[in-house]
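Single-structure report; data block below.
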Amino acid sequence: MSLILLIEQVLNGLQFGIMLFLMAAGLTLIFGVMGLINLAHGSLYMIGAFCAAAVAAWSGSFLLGLVAALAGAAIAGALVELIVIRRLYDKDHLDQVLATFALILIFSEGTRWIFGSFPLYLNVPAYLSGPVTLPGGIEYPFYRLALIIVGLAVAAGLYLLISKTRLGVQIRAGENDREMIAALGIDIARLYTIVFALGAALAGLAGALVGAIQSVQVGMGEPVLIMAFVVIVIGGIGSIKGALIGAVLVGLTDTLGGIFLPEIMKLFFDPSTATSIGSSLASMAIYVLMAAVLILKPSGLFGVRA
Amino acid sequence: MKLVTMAAAAALAVSVAGAQAEPVKVGMITTLSGGGAGLGIDVRDGFMLAVKQSGNEEIEVIVEDDQQKPDVAVQLSDKMVQAEKVDVLTGIIWSNLAMAVIPSVTAQGKFYLSPNAGPSQLAGKGCHPNYFNVAWQNDNLHEAAGAYANFAELKNTFILAPNYPAGQDALTGFKRFYKGELAGEIYTKLGQTDYAAEIAQIRASGADGVFFFLPGGMGISFLKQYKDSGVDLPVVGPAFSFDQGILQAVGDAALGVKNTSQWSKDIDNETNKAFVESFQAEYGRLPSLYASQGFDTANLLLSAMAKADVNDADAFRAALEEADFKSTRGNFRFGPNHHPIQDIYVREVIKEGDVYTNKIIGTALTSHADAYWSECSM
C-alpha cells in the first residue's frame with residue numbers, strides 16, 4: 001500500500017463525505033427547525049438528478065442542468081411542504097414517517113411514469129472530465145476535485161447564511177422557540193416553506209452532481225438517504241456543523257474500511273475468504289462507527305437535544 | 001398494481017393439427033416497478049410479443065409485479081397457484097426471488113419456465129423435472145468472459161463483483177475458465193454506486209485487464225467513473241452491464257468494451273431478424289437480452305402446447321424437453337438438468353448513429369453447458 005494510494009483514497013473518502021453532507025444538511029435542518037422526519041428527502045435527490053439529466057440533454061449544457069436541478073428540487077420541495085408536510089408538524093413522528101414514505105412511492109412511480117424505467121444519461125462535461133495530476137504525482141479525477149470544492153463552498157455559504165443573515169437568525173430562533181418568533185410577527189409558515197425548499201435544493205444539487213458520475217435512475221435516493229440518517233445521528237440531530245463533521249467521518253470510514261479491512265483479513269485467512277469477510281465487515285463499518293459514537297455521546301457529536 | 005393481460009389474439013387462430021385442446025393459464029411474476037423494472041418490462045414485452053404473433057387464443061397470461069421483493073413474489077405465486085389455478089409460471093428476474101418461489105411451485109406440480117434467473121442450486125442438487133431455464137445458468141456468461149480473457153491474452157486480471165450469491169457465482173465462474181494470474185479480487189457492497197476506491201486499487205495493482213460483474217445501475221456508475229479516472233486497461237464483462245436498456249445511460253464510457261452474451265441483435269438467423277424488427281415496430285425501441293429471453297420463453301411454451309395437453313404433465317414435460325422452437329439465438333437445446341446448451345458470443349459495444357449497441361465479434365464458447373448438471377439426479 002503506497003502513500004500515493006493512501007492519499008488518493010483519503011481524497012475519495014473526503015469527496016464522498018462532502019456529497020453526503022449536502023444530503024444530511026437539508027435533512028438535519030428540516031428536522032432541527034420543524035421537528036419533522038422526512039423520508040422523502042432521497043426523492044428530492046432523485047428529482048434533482050432527473051431534472052439535471054433532462055435539461056442537460058435538451059440544452060447540451062451541464063451548468064444549465066445544475067440550475068434546473070436546484071430549481072426543480074426547490075420547487076418540488078416547496079410544493080410538497082405546502083400540500084402535504086404542512087399538515088404533519090403537530091403529528092406524531094410515526095405519522096410523519098408513514099406520510100413521507102408514501103411520498104417516496106409516489107415520487108418513484110411518478111418519475112418512472114414520466115421518464116420510463118431505463119436509466120438516463122448525464123455525463124461529466126468535457127471541461128471537467130479526465131484526471132489531473134496533483135502534487136506528489138497523484139492522478140485524481142478532476143470532476144471529483146470539483147465536487148470537493150463545490151461542496152466546501154456550499155458548506156461555507158450555509159454557515160454564513162445561518163450565522164450572518166436575517167433569515168439565519170429566524171431559522172435559529174425557529175429551532176429554539178417557534179411560538180415566540182411567531183409572536184414577534186414572523187410568518188412562521190413562510191419560514192418553514194423556505195427552509196424546506198432550501199433543504200430540497202441542497203439534496204437536488206447533490207443528486208445532480210453525483211448523477212453525472214453515477215446512474216440517474218428511479219430509486220437512486222434511498223441508499224443515500226440511509227447514509228444521510230447515519231450522518232445526522234453521528235453528528236447530532238439539528239446541527240449543521242455536526243452534519244459536516246459526521247459526513248466526512250462516515251465518508252472516510254466507508255472508503256478506507258472498504259480497502260483496509262480485506263487487506264487486514266489477509267493476515268489471518270486465505271485471500272478469497274479474506275476478501276469475502278473483509279468486505280462484509282466493511283459494509284458494517286459505518287454502523288459500528290455510529291454505535292461507538294452513541295455509546296460515548298448519546299446525543300451525537302454536536303447534539304443539542306437530549 | 002394489478003395488470004391482468006388477456007392475450008388478445010384477434011387473428012384467426014387456425015388450430016394447428018395436434019392436441020391443442022385445453023387453454024393454458026400462465027402466471028408471470030416479474031419486476032415492473034422500482035430500480036430494476038427495466039429488466040422485467042423487457043421480459044414481459046418479449047413474451048407478450050411472441051404470444052401475440054402466434055395468434056394462439058388458447059393462452060391466457062396474468063402479469064403481476066413482484067417489486068423485486070422476495071416476500072411479495074412468494075405471496076403472488078401462492079395466489080396464482082391456489083386462487084388463479086395457473087398451469088405454468090414464469091417471469092422472475094432475480095436469483096434470490098427465484099429461490100424463494102420456484103422450489104415450492106414445482107413441488108405443487110406446476111411448470112416453471114425461467115426467462116432469466118438461473119441460480120446454481122436449481123441447476124445442480126435442487127433441480128426439478130418441472131423446472132426449465134430458457135436463459136442460462138448464472139455462471140455461463142462469466143465462464144465465457146474467462147475464456148475470452150485467455151483469448152485476449154490477459155495475464156493479470158483484476159476482478160470485482162458485489163458481495164452476494166450471484167456476485168460470488170460470477171467470480172467463481174470467471175476463475176473456472178481463466179488461466180492467468182489475478183492482480184486483485186474485490187467484493188463490493190451490493191448497490192454501491194461510488195467506485196473511486198476500487199478504481200484507485202485497480203490503478204495501483206499493476207493489472208493488465210479488468211473483469212467486472214455489476215448489474216444495473218452499479219455497472220453504469222462503475223463504467224462512467226472508470227472512464228473518468230484515466231485508467232484505460234481493457235474491460236471484459238458479462239452482457240448484463242452492456243445491455244440495450246442501459247447502454248444509452250453509460251454513453252461513450254462503454255465504447256469498445258468486450259462482453260459475453262448468448263444473444264445479440266445481429267445474430268444472423270431468420271427468427272432473430274424478424275424478432276428485432278417486430279419488437280422495434282411494436283414498442284419503439286431496440287430489444288434487449290432480456291426481451292429475447294422473454295420471447296424465447298413464450299415460443300418454447302407455445303411449441304409444447306402444440307404437441308401436448310398441459311394437463312398431461314408427462315407428455316407436456318417431454319414436449320418442453322424437445323425445445324422444438326426457433327430460438328432467436330439459433331442453436332438451442334436443453335441439457336439433462338433442463339438448462340440450455342448454447343453458444344456464447346463475444347460482443348463489442350459500438351455506436352450506430354446515435355444509438356449505443358453491440359456487435360458480435362466472435363464466439364467464446366460453443367455448445368456450452370453449465371458446471372452443475374452432473375450433480376442433478378433427475
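Identifiers for the C-alpha cells are assigned positionally: chains receive A, B, ... in sequence, residues are indexed from 1 per chain, and ligands are indexed from 1 in the order shown.
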
**OP:** Using only C-alpha atoms, select each residue of chain B with any atom at most 8 Å away from an atom of chain A, and give the selection as a PyMOL selection string.
**Re:** chain B and resi 33-35+37-38+163+185-189+191+193-194+196-198+200-201+204+217-218+220-222+224-225+227-230+245-246+248-251

Since we have the selection now, will you write its residues out, keeping N, CA, C and O atoms, as a compact mmCIF listing (two decimals), in the first residue's frame?
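Done, and the output landed in result-v2.txt:
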```txt
# COMPACT_ATOMS: atom_id res chain seq x y z
N SER B 33 -41.75 -2.44 -11.16
CA SER B 33 -41.62 -1.12 -10.55
C SER B 33 -40.30 -1.07 -9.80
O SER B 33 -39.69 -2.09 -9.51
N GLY B 34 -39.85 0.14 -9.51
CA GLY B 34 -38.60 0.33 -8.81
C GLY B 34 -37.41 0.32 -9.76
O GLY B 34 -37.57 0.29 -10.97
N GLY B 35 -36.22 0.32 -9.18
CA GLY B 35 -35.00 0.48 -9.96
C GLY B 35 -34.75 -0.63 -10.96
O GLY B 35 -34.17 -0.40 -12.02
N ALA B 37 -36.91 -2.29 -12.75
CA ALA B 37 -38.10 -2.55 -13.56
C ALA B 37 -37.79 -2.77 -15.05
O ALA B 37 -38.51 -3.50 -15.72
N GLY B 38 -36.72 -2.15 -15.53
CA GLY B 38 -36.42 -2.26 -16.95
C GLY B 38 -36.30 -3.71 -17.41
O GLY B 38 -36.75 -4.08 -18.50
N ASN B 163 -20.91 -8.29 -3.27
CA ASN B 163 -20.82 -9.35 -2.28
C ASN B 163 -22.20 -9.94 -1.99
O ASN B 163 -22.82 -9.64 -0.98
N GLU B 185 -8.78 -9.21 -6.30
CA GLU B 185 -10.14 -9.77 -6.31
C GLU B 185 -10.92 -9.02 -5.24
O GLU B 185 -10.54 -9.05 -4.07
N ILE B 186 -11.97 -8.32 -5.64
CA ILE B 186 -12.69 -7.48 -4.67
C ILE B 186 -14.18 -7.79 -4.71
O ILE B 186 -14.76 -7.93 -5.78
N TYR B 187 -14.77 -7.89 -3.53
CA TYR B 187 -16.22 -7.87 -3.43
C TYR B 187 -16.65 -6.50 -2.97
O TYR B 187 -16.21 -6.02 -1.94
N THR B 188 -17.53 -5.86 -3.75
CA THR B 188 -18.04 -4.55 -3.36
C THR B 188 -19.38 -4.73 -2.65
O THR B 188 -19.94 -5.81 -2.66
N LYS B 189 -19.87 -3.63 -2.08
CA LYS B 189 -21.19 -3.70 -1.44
C LYS B 189 -22.26 -3.79 -2.51
O LYS B 189 -22.16 -3.14 -3.55
N GLY B 191 -25.34 -2.75 -4.42
CA GLY B 191 -25.99 -1.45 -4.54
C GLY B 191 -25.04 -0.27 -4.44
O GLY B 191 -25.46 0.88 -4.51
N THR B 193 -22.60 2.66 -5.36
CA THR B 193 -22.61 3.48 -6.57
C THR B 193 -21.32 4.28 -6.73
O THR B 193 -21.10 4.88 -7.77
N ASP B 194 -20.47 4.28 -5.71
CA ASP B 194 -19.22 5.03 -5.84
C ASP B 194 -18.04 4.06 -5.85
O ASP B 194 -17.83 3.33 -4.89
N ALA B 196 -14.76 4.93 -6.61
CA ALA B 196 -13.48 5.63 -6.63
C ALA B 196 -12.39 4.79 -5.95
O ALA B 196 -11.27 4.67 -6.46
N ALA B 197 -12.73 4.19 -4.81
CA ALA B 197 -11.73 3.43 -4.05
C ALA B 197 -11.27 2.21 -4.82
O ALA B 197 -10.07 1.91 -4.89
N GLU B 198 -12.21 1.51 -5.46
CA GLU B 198 -11.86 0.31 -6.22
C GLU B 198 -11.00 0.66 -7.43
O GLU B 198 -10.04 -0.05 -7.76
N ALA B 200 -9.02 3.21 -7.76
CA ALA B 200 -7.66 3.54 -7.30
C ALA B 200 -6.87 2.26 -7.05
O ALA B 200 -5.67 2.18 -7.36
N GLN B 201 -7.52 1.25 -6.51
CA GLN B 201 -6.83 -0.03 -6.28
C GLN B 201 -6.44 -0.70 -7.59
O GLN B 201 -5.37 -1.28 -7.70
N ALA B 204 -3.39 0.93 -8.90
CA ALA B 204 -2.17 0.61 -8.15
C ALA B 204 -1.76 -0.86 -8.27
O ALA B 204 -0.67 -1.24 -7.86
N GLY B 217 -27.64 -0.34 -12.27
CA GLY B 217 -27.05 0.97 -12.01
C GLY B 217 -25.62 0.90 -11.50
O GLY B 217 -24.83 1.81 -11.74
N MET B 218 -25.26 -0.20 -10.82
CA MET B 218 -23.90 -0.34 -10.32
C MET B 218 -22.90 -0.30 -11.48
O MET B 218 -21.86 0.36 -11.40
N ILE B 220 -23.33 1.00 -14.49
CA ILE B 220 -23.30 2.32 -15.13
C ILE B 220 -22.34 3.22 -14.36
O ILE B 220 -21.47 3.87 -14.93
N SER B 221 -22.50 3.23 -13.03
CA SER B 221 -21.65 4.08 -12.20
C SER B 221 -20.19 3.70 -12.37
O SER B 221 -19.33 4.56 -12.56
N PHE B 222 -19.92 2.40 -12.31
CA PHE B 222 -18.52 1.96 -12.40
C PHE B 222 -17.90 2.41 -13.72
O PHE B 222 -16.80 2.98 -13.74
N LYS B 224 -18.72 4.80 -15.87
CA LYS B 224 -18.54 6.24 -16.04
C LYS B 224 -17.33 6.71 -15.22
O LYS B 224 -16.53 7.52 -15.68
N GLN B 225 -17.21 6.18 -14.01
CA GLN B 225 -16.11 6.62 -13.15
C GLN B 225 -14.77 6.05 -13.64
O GLN B 225 -13.73 6.70 -13.54
N LYS B 227 -13.96 5.44 -16.77
CA LYS B 227 -13.55 6.25 -17.92
C LYS B 227 -12.92 7.55 -17.46
O LYS B 227 -11.91 8.00 -17.98
N ASP B 228 -13.56 8.18 -16.44
CA ASP B 228 -13.11 9.48 -15.98
C ASP B 228 -11.79 9.41 -15.21
O ASP B 228 -11.12 10.41 -15.02
N SER B 229 -11.44 8.22 -14.74
CA SER B 229 -10.25 8.09 -13.89
C SER B 229 -8.97 8.10 -14.71
O SER B 229 -7.89 8.27 -14.18
N GLY B 230 -9.09 7.91 -16.02
CA GLY B 230 -7.91 7.87 -16.85
C GLY B 230 -7.24 6.50 -16.88
O GLY B 230 -6.26 6.32 -17.60
N GLY B 245 -30.82 -1.79 -22.68
CA GLY B 245 -31.55 -0.90 -21.77
C GLY B 245 -30.68 0.11 -21.06
O GLY B 245 -31.14 1.19 -20.70
N ILE B 246 -29.42 -0.23 -20.79
CA ILE B 246 -28.61 0.70 -20.00
C ILE B 246 -27.48 1.35 -20.78
O ILE B 246 -26.89 2.31 -20.32
N GLN B 248 -27.42 3.36 -23.22
CA GLN B 248 -27.60 4.79 -23.52
C GLN B 248 -27.21 5.63 -22.31
O GLN B 248 -26.74 6.76 -22.46
N ALA B 249 -27.45 5.09 -21.10
CA ALA B 249 -27.09 5.86 -19.90
C ALA B 249 -25.59 5.86 -19.65
O ALA B 249 -25.06 6.77 -19.05
N VAL B 250 -24.90 4.81 -20.10
CA VAL B 250 -23.45 4.75 -19.90
C VAL B 250 -22.75 5.66 -20.90
O VAL B 250 -21.79 6.36 -20.57
N GLY B 251 -23.25 5.66 -22.12
CA GLY B 251 -22.68 6.53 -23.13
C GLY B 251 -21.30 6.09 -23.60
O GLY B 251 -20.99 4.90 -23.61
```

Original post:
Out of region 42-254 of chain A, which residues get strand (DSSP E or B) from DSSP, as a list in words?
Top reply: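 So, restricting region 42-254 of chain A to strand (DSSP E or B), we get Leu120, Pro131, Val132, Thr133, Leu134, Ile138, Glu139, Tyr140, Pro141 and Val216 of chain A.
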
Original post:
Excluding same-chain residues fewer than 6 positions from Asn138 (chain B), what lies within 7 Å of it counting only C-alpha atoms, as number ranges by chain?
Top reply: B: 117-120

If you keep C-alpha atoms, can you produce a file of those selected residues as a PDB file, in the first residue's frame?
```pdb
ATOM      1  CA  ALA B 117     -32.639 -16.184 -13.058  1.00  0.00           C
ATOM      2  CA  GLY B 118     -30.551 -19.381 -13.054  1.00  0.00           C
ATOM      3  CA  PRO B 119     -29.121 -19.976  -9.563  1.00  0.00           C
ATOM      4  CA  SER B 120     -26.621 -22.830  -9.311  1.00  0.00           C
TER       5      SER B 120
END
```

**OP:** DSSP on the backbone, then: every residue of region 183-375 of chain B marked helix (DSSP H, G or I), written as a ChimeraX atom specification.
**Re:** /B:196-205,217-229,239-242,244-254,270-283,289-307,313-322,373-375

**OP:** Write out as a ChimeraX atom specification each polymer residue whose atoms come within 10 Å of Lys359 (chain B), counting only C-alpha atoms; drop sequence neighbours fewer than 3 positions from it.
**Re:** /B:258-259,264-267,345-352,362

**OP:** Using only C-alpha atoms, pick whichever of A:Phe115, A:Phe196, A:Phe62, A:Tyr159 has the shortest atom-to-atom distance to Leu27 (chain A).
**Re:** A:Phe196

**OP:** Find the residues around Ala243 (chain A) up to 10 Å (only C-alpha atoms counted), leave out those fewer than 4 positions away in its own chain, and share them as a ChimeraX atom specification.
**Re:** /A:17-18,20-29,228-239,247-249,301-302

**OP:** Counting only C-alpha atoms, figure out which residue out of A:Ile85, A:Ile104, A:Leu66, A:Ala74 gets nearest to Ala40 (chain A).
**Re:**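 Of the candidates, the smallest distance to Ala40 (chain A) is held by A:Ile104.
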